[in-house]
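Colleague: Sharing a structure here in C-alpha cells format.
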Amino acid sequence: MAISAIIGGQWGDEGKGKVVDLLSSNVDVVARYQGGANAGHTVYKDNQKIVLHQIPSGVMRSDCKCLLGNGMVIDPIELVKEFENVKSKGLTIDNIFISMNAHITSPIHKLIDINSENKSKNKIGTTGKGIGPTYVDKYNRKGIRACDLLDSENLKSKIEVQINRALNSQQISSNDLKSIKDELDNFFNACIIIASHITDIIPMVHGTNNLLVEGAQGTLLDIDHGTYPFVTSSNPSSGGITTGLGLPLNKIDRLIGIFKAYTTRVGNGPFPTELFDQDGEKLQNIGKEFGATTGRPRRCGWFDAPLANYSIMINGFNEITMTKLDILDEFDEIKVCTEYECNGKRSKNLSTFINQFEDIKPIYTKVPGWKCSTVGTDSFNNLPKKAQEYIQYIEQILSIPIKHISTGPKRNDMIIR
Ligand code: IMP
C-alpha cells in the first residue's frame, strides 16, 4: 500500500470528498492537514447527502481512523455539530483524533473575520468562519491550541486574553462581545465534548503505510502560491502536507490532483475563464454550483489549462482525477483555455503571469460537445466518443494521465482507468 494525497487543483470545490471516499476503501487512516470549517466536502451514504467540514471523509468507513492534523484550525462548536450530524447518519465518531498542536478557532476569531470583511474596501469574500484570524494568532504566537482545551481554567484565561486583545485593537466592540455571550458558553461546552478526541497523532501518521491525505480548498487559494490576496490563510498545495501532518516529503508516494471538467470559484478575486453569459449560468444551474459551506453561488467558467499546468507544477501531481464531466453533457460546443495572452506575450503556464491577472486574456480552443448523458457511466469505453476525445485532449495538453473520471454525484458514478 502507499501513502497518497488528494489535492484540489483549482479554487476548491473540485469534488475531493467523493474521491477520498472512493479511495479510502482500503486505507487505515485518512488525515486532513490544513484549513478548518471553511471546507465543505460532500459525500453520500445510502443516497443521503452528508457535508463534512472538518471531519475527514474517511468517517464514511467505520474501520478508518480520521485525523485532524496540526496544520488545521479547529472550530469546536462546528465540530460538535458535525459529530451530531454524522452520528445521526449511523456513523461512528470513535475513530476521530485531533492533533494536540492544531489551533483553535473561537467565536472571537469569527467576529474579527466578519468585522474585517465588513470594513474592508477590497473584500476577500471569506467564508466568515474565522480562518484568517486563527492563523494570524498562530503565526503571531498568541494562538490557543487543542492541548489547551485539556485544562478548562487555563483555557478560560487564554480566551479572556484573546478578548482583551481584540477589544484593545478595536477588532471587536463591547457590543459585539455582548452579542456572542451565548456562543462563548457554547464554545466552552463544545471544548469539553471534543477534549476526549485530542491526542498526539504523530504515532498514527507514522504507524501506517496505508494513509490517505485529504486536502481542503485548492491550489489557487494557497496563501503562498494562489491568487494573493484573494486566497485562504493556509497551504492547500502539497507543500502543506509535510508541515501540517508531520509527514516527511519522501513518504508521499502518490499525489492526485482533483480538477473539475470546467472551473469554478467562490468569493472574490481574479478568474481568467469566468463566463458572464448563458453558458456560465448553464454550468452553475446544471452543476448546482452553490457553496457547500456558505450556500453562495459559485462563479463558473471553462477549463483553464495554463492554471492546471501551474497547479501540476507546484504540487508535483502524478495523476489527475476529473470530476463533474456529466455537467458538460448538454453543451453543443465546449471551450478549453489553452494559453494566456498578456501584453503581447503568450504562455501555457499561469506562473508566467501570476501577478498580472488584470491583463490576462484567455485564448480558447473549441471542442465539440457530445450532447448525450454520461451520468453514471463507469467505463471509459462506454463514454460517447466526443467525451472520450475531450478527456484525451486535456490529457494531451497537460501531459498527465487522467486516471479517474467522475460522472455523477453517487459513489459509483466513477470511471477508473
Ligand atoms: P477563508 O478561507 O474563509 O478565509 O476564505 C478565503 C477565500 O477562500 C474566499 O474566497 C473563500 O470563498 C475561499 N474558500 C475558503 N474555503 C473554501 C472552500 O472550501 N472551497 C472554495 N473556496 C473556499
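Within each chain, counting starts at residue 1; across the C-alpha cells, chains are named A, B, ... in the order shown, with ligands numbered 1 upward in that order.
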Excluding Gly246 in chain A and its own-chain neighbours fewer than 2 positions away, which residues fall within 9 Å of it when counting only C-alpha atoms? Please give them as a list in words.
Modeller: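 Listing them by chain and then by number gives Gly69, Asn70, Ile202, Val205, His206, Ile241, Thr242, Thr243, Gly244 and Pro248 of chain A.
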Colleague: So which residues touch range 84-94 of chain A within 12 Å, counting only C-alpha atoms, skipping near sequence neighbours fewer than 3 positions away, as a PDB file with C-alpha atoms, in the first residue's frame?
Modeller:
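Generated output (selection-v6.pdb):
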```pdb
ATOM      1  CA  VAL A  43     -20.283  12.590   0.378  1.00  0.00           C
ATOM      2  CA  TYR A  44     -23.255  10.229   0.169  1.00  0.00           C
ATOM      3  CA  LYS A  45     -24.291   7.374   2.470  1.00  0.00           C
ATOM      4  CA  ASP A  46     -27.165   5.225   1.192  1.00  0.00           C
ATOM      5  CA  ASN A  47     -28.186   8.135  -1.048  1.00  0.00           C
ATOM      6  CA  GLN A  48     -28.197  10.517   1.931  1.00  0.00           C
ATOM      7  CA  LYS A  49     -26.063  13.609   1.388  1.00  0.00           C
ATOM      8  CA  ILE A  50     -23.540  14.436   4.130  1.00  0.00           C
ATOM      9  CA  VAL A  51     -21.473  17.622   4.048  1.00  0.00           C
ATOM     10  CA  LEU A  52     -18.259  17.333   6.049  1.00  0.00           C
ATOM     11  CA  HIS A  53     -16.391  20.468   7.062  1.00  0.00           C
ATOM     12  CA  GLN A  54     -13.641  19.419   9.459  1.00  0.00           C
ATOM     13  CA  ILE A  55     -14.034  15.661   9.754  1.00  0.00           C
ATOM     14  CA  PRO A  56     -12.035  13.759   7.099  1.00  0.00           C
ATOM     15  CA  SER A  57     -14.157  11.898   4.545  1.00  0.00           C
ATOM     16  CA  GLY A  58     -12.779   8.580   5.902  1.00  0.00           C
ATOM     17  CA  VAL A  59     -15.512   8.781   8.566  1.00  0.00           C
ATOM     18  CA  MET A  60     -17.735   7.046   5.992  1.00  0.00           C
ATOM     19  CA  ARG A  61     -15.826   3.799   6.743  1.00  0.00           C
ATOM     20  CA  SER A  62     -16.245   2.592  10.319  1.00  0.00           C
ATOM     21  CA  ASP A  63     -12.793   0.973  10.482  1.00  0.00           C
ATOM     22  CA  CYS A  64     -10.889   4.016   9.239  1.00  0.00           C
ATOM     23  CA  LYS A  65      -9.049   6.387  11.606  1.00  0.00           C
ATOM     24  CA  CYS A  66      -9.729  10.062  10.859  1.00  0.00           C
ATOM     25  CA  LEU A  67      -7.004  12.522  11.825  1.00  0.00           C
ATOM     26  CA  ILE A  77     -18.719  24.492  18.070  1.00  0.00           C
ATOM     27  CA  GLU A  78     -18.867  23.482  14.411  1.00  0.00           C
ATOM     28  CA  LEU A  79     -17.113  20.203  15.127  1.00  0.00           C
ATOM     29  CA  VAL A  80     -19.695  19.199  17.732  1.00  0.00           C
ATOM     30  CA  LYS A  81     -22.444  19.957  15.177  1.00  0.00           C
ATOM     31  CA  PHE A  97      -8.492  12.128  16.543  1.00  0.00           C
ATOM     32  CA  ILE A  98      -7.451  15.796  16.767  1.00  0.00           C
ATOM     33  CA  ALA A 190     -18.018  22.172  22.876  1.00  0.00           C
ATOM     34  CA  ILE A 193     -17.058  17.480  24.300  1.00  0.00           C
ATOM     35  CA  ILE A 194     -14.173  17.354  21.817  1.00  0.00           C
ATOM     36  CA  SER A 196     -11.506  13.294  24.575  1.00  0.00           C
ATOM     37  CA  HIS A 197     -10.549  13.230  20.864  1.00  0.00           C
ATOM     38  CA  ILE A 198      -7.389  15.325  21.352  1.00  0.00           C
TER      39      ILE A 198
END
```
Colleague: Do you have the CA of Asp329 in chain A-CA of Lys403 in chain A distance handy?
Modeller: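 Result for CA of Asp329 in chain A versus CA of Lys403 in chain A: 20.0 Å, one decimal.
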Colleague: What is the distance, in Å and to one decimal place, between CA of Pro270 in chain A and CA of Lys345 in chain A?
Modeller: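 Value for the CA of Pro270 in chain A-CA of Lys345 in chain A distance: 19.0 Å.
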Colleague: With only C-alpha atoms and all ligand atoms counted, collect every polymer residue having an atom within 7 Å of ligand 1; state the result as a VMD selection string.
Modeller: chain A and resid 11 to 13 38 to 40 124 to 132 216 to 217 221 230 to 233 265 to 268
Colleague: Any chance you could export the current selection's N, CA, C and O atoms as a short mmCIF file (atom, residue, chain, number, x, y, z; two decimals), in the first residue's frame?
Modeller:
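Wrote it out as again_10.cif, contents follow:
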```cif
data_model
loop_
_atom_site.label_atom_id
_atom_site.label_comp_id
_atom_site.auth_asym_id
_atom_site.auth_seq_id
_atom_site.Cartn_x
_atom_site.Cartn_y
_atom_site.Cartn_z
N TRP A 11 -9.72 26.21 -7.57
CA TRP A 11 -10.04 27.12 -6.46
C TRP A 11 -10.93 26.43 -5.42
O TRP A 11 -11.81 27.06 -4.85
N GLY A 12 -10.75 25.16 -5.19
CA GLY A 12 -11.58 24.44 -4.23
C GLY A 12 -12.85 23.95 -4.89
O GLY A 12 -13.11 24.21 -6.08
N ASP A 13 -13.64 23.17 -4.13
CA ASP A 13 -14.93 22.64 -4.59
C ASP A 13 -14.79 21.74 -5.81
O ASP A 13 -15.70 21.65 -6.64
N ASN A 38 -14.04 26.10 7.00
CA ASN A 38 -14.32 26.74 5.70
C ASN A 38 -14.54 25.69 4.61
O ASN A 38 -15.14 25.98 3.58
N ALA A 39 -14.04 24.47 4.80
CA ALA A 39 -14.18 23.42 3.79
C ALA A 39 -15.60 22.85 3.80
O ALA A 39 -16.30 22.93 4.81
N GLY A 40 -15.99 22.27 2.68
CA GLY A 40 -17.28 21.58 2.62
C GLY A 40 -17.15 20.41 1.67
O GLY A 40 -17.15 20.60 0.45
N ILE A 124 -12.28 40.07 0.51
CA ILE A 124 -11.79 38.78 0.03
C ILE A 124 -12.98 37.88 -0.31
O ILE A 124 -12.91 37.04 -1.19
N GLY A 125 -14.09 38.08 0.44
CA GLY A 125 -15.23 37.16 0.31
C GLY A 125 -14.96 35.89 1.08
O GLY A 125 -15.17 34.79 0.57
N THR A 126 -14.49 36.03 2.33
CA THR A 126 -14.17 34.84 3.13
C THR A 126 -15.45 34.08 3.48
O THR A 126 -16.57 34.60 3.30
N THR A 127 -15.28 32.89 4.03
CA THR A 127 -16.43 32.11 4.46
C THR A 127 -16.97 32.62 5.80
O THR A 127 -18.00 32.14 6.26
N GLY A 128 -16.27 33.53 6.45
CA GLY A 128 -16.71 34.06 7.75
C GLY A 128 -16.52 33.06 8.88
O GLY A 128 -17.12 33.19 9.95
N LYS A 129 -15.70 32.06 8.65
CA LYS A 129 -15.51 31.00 9.66
C LYS A 129 -14.32 31.28 10.59
O LYS A 129 -13.88 30.39 11.33
N GLY A 130 -13.74 32.46 10.51
CA GLY A 130 -12.66 32.81 11.44
C GLY A 130 -11.31 32.20 11.09
O GLY A 130 -10.40 32.15 11.94
N ILE A 131 -11.17 31.75 9.85
CA ILE A 131 -9.95 31.03 9.46
C ILE A 131 -8.72 31.95 9.52
O ILE A 131 -7.72 31.63 10.19
N GLY A 132 -8.80 33.09 8.82
CA GLY A 132 -7.66 34.01 8.77
C GLY A 132 -7.23 34.44 10.18
O GLY A 132 -6.06 34.29 10.54
N ALA A 216 -7.96 20.33 1.58
CA ALA A 216 -9.18 21.14 1.51
C ALA A 216 -8.85 22.39 0.71
O ALA A 216 -7.68 22.69 0.48
N GLN A 217 -9.87 23.12 0.27
CA GLN A 217 -9.71 24.26 -0.64
C GLN A 217 -8.91 23.82 -1.88
O GLN A 217 -9.01 22.67 -2.27
N LEU A 221 -5.97 28.84 -4.06
CA LEU A 221 -6.33 29.54 -2.83
C LEU A 221 -5.19 29.46 -1.81
O LEU A 221 -5.33 29.91 -0.67
N PHE A 230 -6.45 37.22 -2.66
CA PHE A 230 -7.75 36.52 -2.68
C PHE A 230 -7.51 35.02 -2.50
O PHE A 230 -7.71 34.22 -3.43
N VAL A 231 -7.10 34.66 -1.32
CA VAL A 231 -6.71 33.29 -1.01
C VAL A 231 -7.20 32.95 0.40
O VAL A 231 -7.69 33.83 1.10
N THR A 232 -7.03 31.71 0.80
CA THR A 232 -7.28 31.38 2.20
C THR A 232 -5.96 31.56 2.96
O THR A 232 -4.97 32.05 2.40
N SER A 233 -5.93 31.19 4.24
CA SER A 233 -4.74 31.52 5.04
C SER A 233 -3.87 30.31 5.32
O SER A 233 -3.03 30.36 6.23
N ARG A 265 -15.19 29.20 -8.95
CA ARG A 265 -14.54 29.94 -7.86
C ARG A 265 -15.64 30.58 -7.02
O ARG A 265 -16.62 31.10 -7.56
N VAL A 266 -15.48 30.52 -5.69
CA VAL A 266 -16.43 31.20 -4.81
C VAL A 266 -15.65 32.25 -4.03
O VAL A 266 -14.50 32.04 -3.69
N GLY A 267 -16.27 33.43 -3.84
CA GLY A 267 -15.53 34.54 -3.22
C GLY A 267 -14.93 35.40 -4.32
O GLY A 267 -15.11 35.14 -5.51
N ASN A 268 -14.22 36.44 -3.90
CA ASN A 268 -13.70 37.41 -4.87
C ASN A 268 -12.33 37.01 -5.40
O ASN A 268 -11.74 36.05 -4.93
#
```
Colleague: Of the candidates A:Ile394, A:Leu167, A:Ile201, A:Ile258, which shows the shortest atom-to-atom distance to Gly71 in chain A, using only C-alpha atoms?
Modeller: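 Of A:Ile394, A:Leu167, A:Ile201, A:Ile258, the one nearest Gly71 in chain A, counting only C-alpha atoms, is A:Ile201.
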